[in-house]
Structure formats: structure tokens, C-alpha cells
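Structure file input15.txt (compact mmCIF, C-alpha atoms) is printed below.
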# COMPACT_ATOMS: atom_id res chain seq x y z
CA MET A 723 104.95 90.83 113.31
CA ARG A 724 105.60 93.43 110.66
CA ILE A 725 102.78 93.72 108.14
CA ALA A 726 102.54 95.62 104.85
CA LEU A 727 99.24 97.01 103.56
CA CYS A 728 99.70 97.35 99.81
CA GLN A 729 97.18 99.82 98.34
CA MET A 730 97.05 99.63 94.54
CA THR A 731 94.78 100.37 91.58
CA SER A 732 94.01 97.28 89.53
CA SER A 733 93.43 97.43 85.80
CA THR A 734 91.41 94.94 83.76
CA GLU A 735 94.63 93.15 82.72
CA PRO A 736 95.79 90.38 85.11
CA LYS A 737 99.38 90.37 83.84
CA GLU A 738 99.75 94.10 84.53
CA ASN A 739 98.29 93.62 87.98
CA LEU A 740 100.55 90.68 88.76
CA ALA A 741 103.55 92.90 88.00
CA GLN A 742 102.16 95.50 90.44
CA VAL A 743 101.66 92.83 93.10
CA ALA A 744 105.20 91.51 92.67
CA ASP A 745 106.68 95.02 92.92
CA LEU A 746 104.72 95.82 96.08
CA VAL A 747 105.65 92.53 97.74
CA ARG A 748 109.32 93.16 96.98
CA GLN A 749 109.04 96.64 98.50
CA ALA A 750 107.35 95.13 101.55
CA ALA A 751 110.11 92.55 101.92
CA ALA A 752 112.76 95.26 101.69
CA GLU A 753 111.01 97.00 104.61
CA GLY A 754 111.11 93.84 106.71
CA ALA A 755 107.44 92.81 106.35
CA ARG A 756 106.54 89.19 107.06
CA LEU A 757 102.98 89.51 105.71
CA ALA A 758 101.98 91.56 102.65
CA VAL A 759 98.28 92.12 102.01
CA LEU A 760 96.96 93.23 98.62
CA PRO A 761 93.39 94.37 97.87
CA GLU A 762 90.35 92.43 96.75
CA ALA A 763 90.30 92.14 92.94
CA ALA A 764 94.08 92.61 92.76
CA MET A 765 93.92 90.23 89.81
CA ALA A 766 91.45 92.38 87.84
CA ARG A 767 89.19 95.24 88.84
CA PHE A 768 85.41 95.00 89.03
CA GLY A 769 83.39 96.32 86.10
CA GLY A 770 84.54 93.84 83.46
CA PRO A 771 83.54 90.22 82.71
CA LEU A 772 85.01 88.28 85.63
CA GLY A 773 84.55 84.89 84.00
CA ALA A 774 86.99 85.89 81.29
CA VAL A 775 89.83 86.46 83.75
CA ALA A 776 89.09 83.78 86.37
CA GLU A 777 91.76 81.13 86.81
CA PRO A 778 92.11 78.11 89.11
CA LEU A 779 94.37 78.27 92.14
CA ASP A 780 97.04 76.37 90.19
CA GLY A 781 96.79 78.74 87.22
CA PRO A 782 99.45 81.20 86.02
CA TRP A 783 98.28 84.22 88.04
CA ALA A 784 98.31 82.37 91.35
CA GLU A 785 101.62 80.74 90.45
CA GLY A 786 103.04 84.21 89.82
CA VAL A 787 102.02 85.27 93.32
CA ARG A 788 103.55 82.10 94.76
CA ALA A 789 106.78 82.82 92.89
CA VAL A 790 107.24 86.26 94.46
CA ALA A 791 106.31 84.85 97.88
CA ARG A 792 109.05 82.23 97.49
CA GLU A 793 111.52 84.82 96.19
CA THR A 794 110.99 87.17 99.13
CA GLY A 795 110.09 84.76 101.93
CA VAL A 796 107.01 86.89 102.64
CA THR A 797 103.49 85.51 103.10
CA VAL A 798 101.20 87.17 100.56
CA VAL A 799 97.40 87.58 100.65
CA ALA A 800 95.93 88.80 97.36
CA GLY A 801 92.45 88.93 95.82
CA MET A 802 91.69 87.00 92.64
CA PHE A 803 88.81 85.27 90.88
CA THR A 804 88.53 81.49 90.49
CA PRO A 805 86.00 79.45 88.51
CA ALA A 806 82.94 78.24 90.43
CA PRO A 807 81.08 75.00 89.59
CA ASP A 808 77.85 76.76 88.52
CA GLY A 809 79.43 78.93 85.83
CA ARG A 810 79.94 81.92 88.09
CA VAL A 811 83.27 82.76 89.74
CA ALA A 812 84.43 82.80 93.36
CA ASN A 813 85.87 85.99 94.83
CA THR A 814 88.96 84.35 96.28
CA LEU A 815 91.82 85.38 98.53
CA LEU A 816 95.00 83.46 97.84
CA ALA A 817 97.26 83.18 100.90
CA THR A 818 100.70 81.79 100.16
CA GLY A 819 104.16 81.93 101.71
CA PRO A 820 106.52 80.04 104.03
CA GLY A 821 104.45 77.17 105.45
CA VAL A 822 101.20 78.78 104.21
CA GLU A 823 99.01 77.61 101.33
CA GLU A 824 95.34 78.47 101.75
CA SER A 825 92.43 80.26 100.09
CA TYR A 826 89.27 82.00 101.24
CA ASP A 827 86.14 82.50 99.13
CA LYS A 828 84.18 85.61 100.09
CA ILE A 829 81.13 84.60 102.14
CA HIS A 830 79.04 87.78 102.06
CA LEU A 831 78.38 89.03 98.54
CA TYR A 832 77.85 92.69 97.71
CA ASP A 833 74.19 92.80 96.80
CA ALA A 834 73.78 96.39 97.95
CA PHE A 835 73.75 100.00 96.75
CA GLY A 836 72.43 98.91 93.35
CA PHE A 837 75.19 96.34 92.69
CA ARG A 838 74.53 92.57 92.57
CA GLU A 839 77.75 90.65 93.06
CA SER A 840 75.81 87.38 93.42
CA ASP A 841 74.77 87.53 89.75
CA THR A 842 78.32 86.63 88.73
CA VAL A 843 79.97 85.45 91.97
CA ALA A 844 79.22 82.35 94.07
CA SER A 845 79.56 82.73 97.83
CA GLY A 846 82.02 80.84 99.98
CA GLU A 847 81.18 78.88 103.12
CA ARG A 848 84.41 78.41 105.12
CA VAL A 849 85.91 80.56 107.86
CA VAL A 850 89.64 80.56 107.12
CA THR A 851 92.67 81.42 109.25
CA ILE A 852 96.39 81.10 108.56
CA ASP A 853 99.47 81.15 110.80
CA VAL A 854 102.30 83.57 109.97
CA ASP A 855 105.35 83.47 112.24
CA GLY A 856 103.22 82.02 115.02
CA VAL A 857 100.50 84.69 114.66
CA ARG A 858 97.04 83.47 113.68
CA VAL A 859 95.42 85.63 111.01
CA GLY A 860 91.78 85.55 109.85
CA LEU A 861 90.83 86.21 106.22
CA ALA A 862 87.86 88.34 105.14
CA THR A 863 86.91 90.35 102.06
CA CYS A 864 85.26 93.76 101.59
CA TYR A 865 81.47 93.42 102.19
CA ASP A 866 82.27 90.87 104.92
CA LEU A 867 83.15 93.99 106.92
CA ARG A 868 79.46 94.61 107.61
CA PHE A 869 79.06 91.24 109.39
CA PRO A 870 80.72 91.16 112.82
CA GLU A 871 80.08 87.44 113.29
CA LEU A 872 82.85 86.55 110.85
CA PHE A 873 85.49 88.48 112.77
CA ARG A 874 84.34 86.96 116.06
CA ALA A 875 84.70 83.57 114.34
CA HIS A 876 88.30 84.52 113.55
CA ALA A 877 88.88 85.27 117.23
CA ASP A 878 87.16 82.04 118.27
CA ALA A 879 89.60 80.21 115.97
CA GLY A 880 92.52 81.82 117.80
CA ALA A 881 93.20 84.78 115.52
CA THR A 882 94.55 88.03 116.95
CA VAL A 883 94.71 89.67 113.51
CA SER A 884 92.10 89.92 110.74
CA VAL A 885 93.04 91.04 107.23
CA LEU A 886 90.42 92.56 104.95
CA PRO A 887 91.32 93.06 101.29
CA ALA A 888 88.64 95.27 99.73
CA SER A 889 87.47 97.14 96.67
CA TRP A 890 85.08 99.48 98.45
CA GLY A 891 82.38 101.22 96.45
CA ALA A 892 82.31 105.01 96.30
CA GLY A 893 79.16 106.95 97.11
CA PRO A 894 77.49 109.18 99.68
CA GLY A 895 78.96 108.49 103.12
CA LYS A 896 80.84 105.41 101.96
CA ARG A 897 84.30 106.55 103.09
CA GLU A 898 82.93 107.37 106.54
CA GLN A 899 81.23 103.97 106.70
CA TRP A 900 84.51 102.28 105.79
CA ASP A 901 86.40 104.13 108.52
CA LEU A 902 83.72 103.38 111.11
CA LEU A 903 83.24 99.71 110.26
CA VAL A 904 86.95 98.88 110.22
CA ARG A 905 87.27 100.28 113.74
CA ALA A 906 84.04 98.61 114.89
CA ARG A 907 85.11 95.16 113.73
CA ALA A 908 88.41 95.52 115.61
CA LEU A 909 86.43 96.29 118.76
CA ASP A 910 83.81 93.58 118.16
CA ALA A 911 86.43 90.83 118.06
CA THR A 912 89.34 92.53 119.86
CA VAL A 913 91.61 91.84 116.89
CA TRP A 914 94.08 93.88 114.93
CA MET A 915 92.37 94.92 111.68
CA ALA A 916 94.47 95.31 108.54
CA ALA A 917 92.02 96.70 105.97
CA VAL A 918 93.55 97.08 102.49
CA ASP A 919 91.43 98.84 99.88
CA GLN A 920 91.92 99.52 96.21
CA ALA A 921 93.17 103.06 95.69
CA ALA A 922 90.64 105.46 94.18
CA PRO A 923 90.95 104.92 90.40
CA ASP A 924 90.28 108.59 89.56
CA ARG A 925 91.80 111.13 91.94
CA ASP A 926 89.68 113.91 90.46
CA ALA A 927 86.36 112.09 90.84
CA ASP A 928 83.92 113.07 93.57
CA PRO A 929 84.23 110.31 96.23
CA GLU A 930 80.59 110.95 97.18
CA ALA A 931 79.43 110.07 93.66
CA PRO A 932 78.47 106.39 93.29
CA THR A 933 80.19 104.34 90.61
CA LYS A 934 78.76 101.50 88.50
CA ALA A 935 81.16 99.00 90.11
CA PRO A 936 83.03 99.01 93.43
CA THR A 937 86.51 100.13 92.41
CA GLY A 938 87.93 101.48 95.68
CA VAL A 939 88.19 104.64 97.74
CA GLY A 940 91.61 104.05 99.34
CA ARG A 941 91.97 104.79 103.07
CA SER A 942 93.62 101.47 103.90
CA ALA A 943 94.17 101.32 107.64
CA LEU A 944 95.81 99.38 110.44
CA VAL A 945 93.59 99.45 113.54
CA GLY A 946 94.52 98.15 116.97
CA PRO A 947 92.37 95.73 118.98
CA ASP A 948 91.20 98.70 121.07
CA GLY A 949 89.72 100.33 117.96
CA THR A 950 92.36 103.04 117.60
CA VAL A 951 93.72 103.80 114.12
CA ARG A 952 97.46 103.22 114.21
CA ALA A 953 98.15 104.24 110.59
CA ARG A 954 96.14 105.14 107.49
CA LEU A 955 96.76 105.85 103.80
CA GLY A 956 94.98 108.39 101.63
CA ASP A 957 93.25 107.66 98.33
CA VAL A 958 96.33 107.09 96.14
CA PRO A 959 98.46 103.94 95.78
CA GLY A 960 100.96 103.39 98.55
CA LEU A 961 102.57 101.03 101.04
CA LEU A 962 101.72 101.16 104.74
CA LEU A 963 104.00 99.30 107.18
CA GLY A 964 103.04 98.52 110.75
CA GLU A 965 103.70 96.21 113.67
CA VAL A 966 100.98 93.95 115.07
CA ASP A 967 101.48 92.56 118.57
CA PRO A 968 99.33 89.54 119.51
CA ALA A 969 100.06 90.24 123.18
CA GLU A 970 98.26 93.56 122.89
CA ALA A 971 95.15 91.78 121.65
CA GLU A 972 95.32 89.48 124.65
CA ARG A 973 95.68 92.45 127.02
CA VAL A 974 92.64 94.15 125.49
CA ARG A 975 90.66 90.90 125.77
CA GLN A 976 91.44 90.74 129.48
CA ALA A 977 90.38 94.36 130.00
CA VAL A 978 87.24 94.25 127.81
CA ALA A 979 86.14 90.62 127.66
CA VAL A 980 83.45 91.03 124.98
CA LEU A 981 84.18 87.58 123.57
CA ASP A 982 83.79 85.88 126.96
CA ASN A 983 80.77 87.98 127.92
CA ARG A 984 78.67 87.10 124.86
CA ARG A 985 75.21 85.76 125.64
CA LEU A 986 73.92 85.23 122.10

For this file, write the structure as C-alpha cells.
Amino acid sequence: MRIALCQMTSSTEPKENLAQVADLVRQAAAEGARLAVLPEAAMARFGGPLGAVAEPLDGPWAEGVRAVARETGVTVVAGMFTPAPDGRVANTLLATGPGVEESYDKIHLYDAFGFRESDTVASGERVVTIDVDGVRVGLATCYDLRFPELFRAHADAGATVSVLPASWGAGPGKREQWDLLVRARALDATVWMAAVDQAAPDRDADPEAPTKAPTGVGRSALVGPDGTVRARLGDVPGLLLGEVDPAEAERVRQAVAVLDNRRL
């Protein structure tokens, strides 16, 4: 299955970002992609009032994503914010395309490095997978990357691919942690990892300097189930195309049966 990792820089304006999403999905379709993955917060970047931009899954932003998915015949996964019952929002991935209509609310909230996502965001509870052209794909978001259990749950549900839209926070060692953790989660669950980050919003900024909100460091990557990096972007917006082969995940699982050998 051909997959497109669509690295972008979101603004605070959902309509502008929807236009970016639509353009990237069309580029992905022109390159033969069957799955296009956009970052976390593709709807609107962190750092502004999320409640002001949150919309339900049948709202205009989500409908705009569905429209370009229908137009291109590509399944799209994109990060947005939806209203939560307690007045906060949910950090939601919309997954939509041929035969696919699903959503995932981020389970692990980024209460770390001086940022408290849980103050404004309510956590999700469901492990979610989708099927794209017969390939089962698990959905995860950003800080979920630090919790290997979720990716093993994807594998237990039959997934051979996990997608991880993110808006990774800058700071000391954070790019290295991103690179390491993306590879580690592929190895933990013997899945293909498609990790799609927001591009760094300021190319001239020191990536080791922490920011007030997690706005991305780039370095989106496609990692094989053996932990090897197959392709990677830099810190600027771009489109990364790659092939994921479920049979390779099965071969790795036969050689290194970490899922079968678990004791805890």
C-alpha cells in the first residue's frame, strides 16, 4: 500500500489549514497514494484557544476533509479538535475515505515538559483501527508515542501499520527522542510506523529551545517493522511517499516473535 506522509505547518485559521490539507491530499493522490496522513492539530495549531475552533465530526472542517477524500478516492487521516462533554475539547483524528469513517480521540495527554494538555483537552478511551485496501492500520497521536502498550494493542487488533500524527514539542533532546521513540514503537509491536509531525514553524529558531506550546519539529518518518528508517523528511513542509508491505511485518513477527513471547 502506498502511503503519503504530509508534513505541514498549521496556522490558527482552520479554513487556511483545510486548504493546505486538500492540496496535500491531491498531491498524494497524484503520486498514487491510497492513504494520506496529516499531522496532529492540522485543523489549528496549539497555542491558541482550542474551544474557539473545535467543531463536531459533522461540522464544516470535517466535511471539507471528507470532500477531498471523496474527490481523490484516498483515505485521509487528519488531526482536529472536537467538543467534549465537560467543556474541554477532544484531540481527535478524523479518518475518512473509501469504506472508512472513523475517529480516534487521543488517549495519552501531554502533561509534560511544562505543558498541561489535560487542562483544555479530555482524553479518549478507545483503541481504534481502520482497514485501507485490506491493510489494518492503527491510529495514535503524538504523546501516545511514549506508551508502547497502545501500539501493541494495534498489533493485537490485527494492524500491521500504525500512523502517528503529531505536533511534537521542541526542546533539549526532543528531536532525538522523537527519532528514537518512533523506531522503538515499530520494534515493540513489529508494525510499520508512519509518524507525521508538524513542520517546524520557524526555520531559524533553535530546535533545542523549548516553546510555550508543542508546534512541531518536523522529521516525519516511515519506519519498517524491523525498526529501520525507510524515509525521513527534514524540518520544512513536504510530502513523503512510501510503500508499506503487511507481509514484511508478518515476516518480522515470525523472526522476532516479541508479541507471542510476552509474559506481562

Of the candidates A:Val958, A:Ala879, A:Ser732, A:Val885, which shows the shortest atom-to-atom distance to A:Gly769, using only C-alpha atoms?
-> A:Ser732

Option closest in space to A:Arg925, from A:Asp878, A:Pro959, A:Lys896, A:Ala953 [counting only C-alpha atoms] = A:Pro959

Leaving out A:Asn983 and any residue of its chain fewer than 5 positions from it, which residues lie within 12 Å of it when counting all atoms listed in the file, given as a ChimeraX atom specification?
-> /A:910-911,975-978

Contacts of A:Val850 at 10 Å (only C-alpha atoms; same-chain gap of 5+ positions) as number ranges by chain | A: 824-827, 859-862, 872, 875-876, 879

C-alpha atoms of the current selection, written as a CSV table (one decimal), in the frame of the given file:
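After the write, part_3.csv holds the following:
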chain,number,residue,atom,x,y,z
A,824,GLU,CA,95.3,78.5,101.8
A,825,SER,CA,92.4,80.3,100.1
A,826,TYR,CA,89.3,82.0,101.2
A,827,ASP,CA,86.1,82.5,99.1
A,859,VAL,CA,95.4,85.6,111.0
A,860,GLY,CA,91.8,85.6,109.8
A,861,LEU,CA,90.8,86.2,106.2
A,862,ALA,CA,87.9,88.3,105.1
A,872,LEU,CA,82.8,86.6,110.8
A,875,ALA,CA,84.7,83.6,114.3
A,876,HIS,CA,88.3,84.5,113.6
A,879,ALA,CA,89.6,80.2,116.0

Mind pulling up the distance from atom CA of A:Arg874 to atom CA of A:Gly893?
-> 28.0 Å

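Closest approach to A:Asp833 among A:Pro782, A:Gly891, A:Gly856, A:Gly809 is made by A:Gly891 (distances from all atoms listed in the file).
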
List every protein, DNA or RNA residue that has an atom no more than 10 Å from (103.0, 82.5, 93.9) in the file's coordinate frame, counting all atoms listed in the file, and report them as JSON, numbers by chain.
-> {"A": [740, 744, 779, 780, 781, 782, 783, 784, 785, 786, 787, 788, 789, 790, 791, 792, 793, 797, 798, 816, 817, 818, 819, 823]}

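By chain and then residue number, the residues within 7 Å of A:Val939 are Trp890, Gly891, Ala892, Arg897, Asp919, Gln920, Ala921, Ala922, Arg941 and Asp957 of chain A, counting all atoms listed in the file and disregarding those fewer than 2 positions away in sequence.
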
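Of note, atom CA of A:Gln899 and atom CA of A:Thr882 are spaced 23.2 Å apart.
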
Min atom-atom distance to A:Pro936 from the set A:Val913, A:Val974, A:Leu981, A:Cys864, counting all atoms listed in the file, belongs to A:Cys864

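Here atom CA of A:Ala755 stands at a distance of 22.6 Å from atom CA of A:Ser889.
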
Long-range neighbours of A:Leu831 as a count of residues only, 8 Å cut-off, all atoms listed in the file, 2 positions minimum in chain = 10
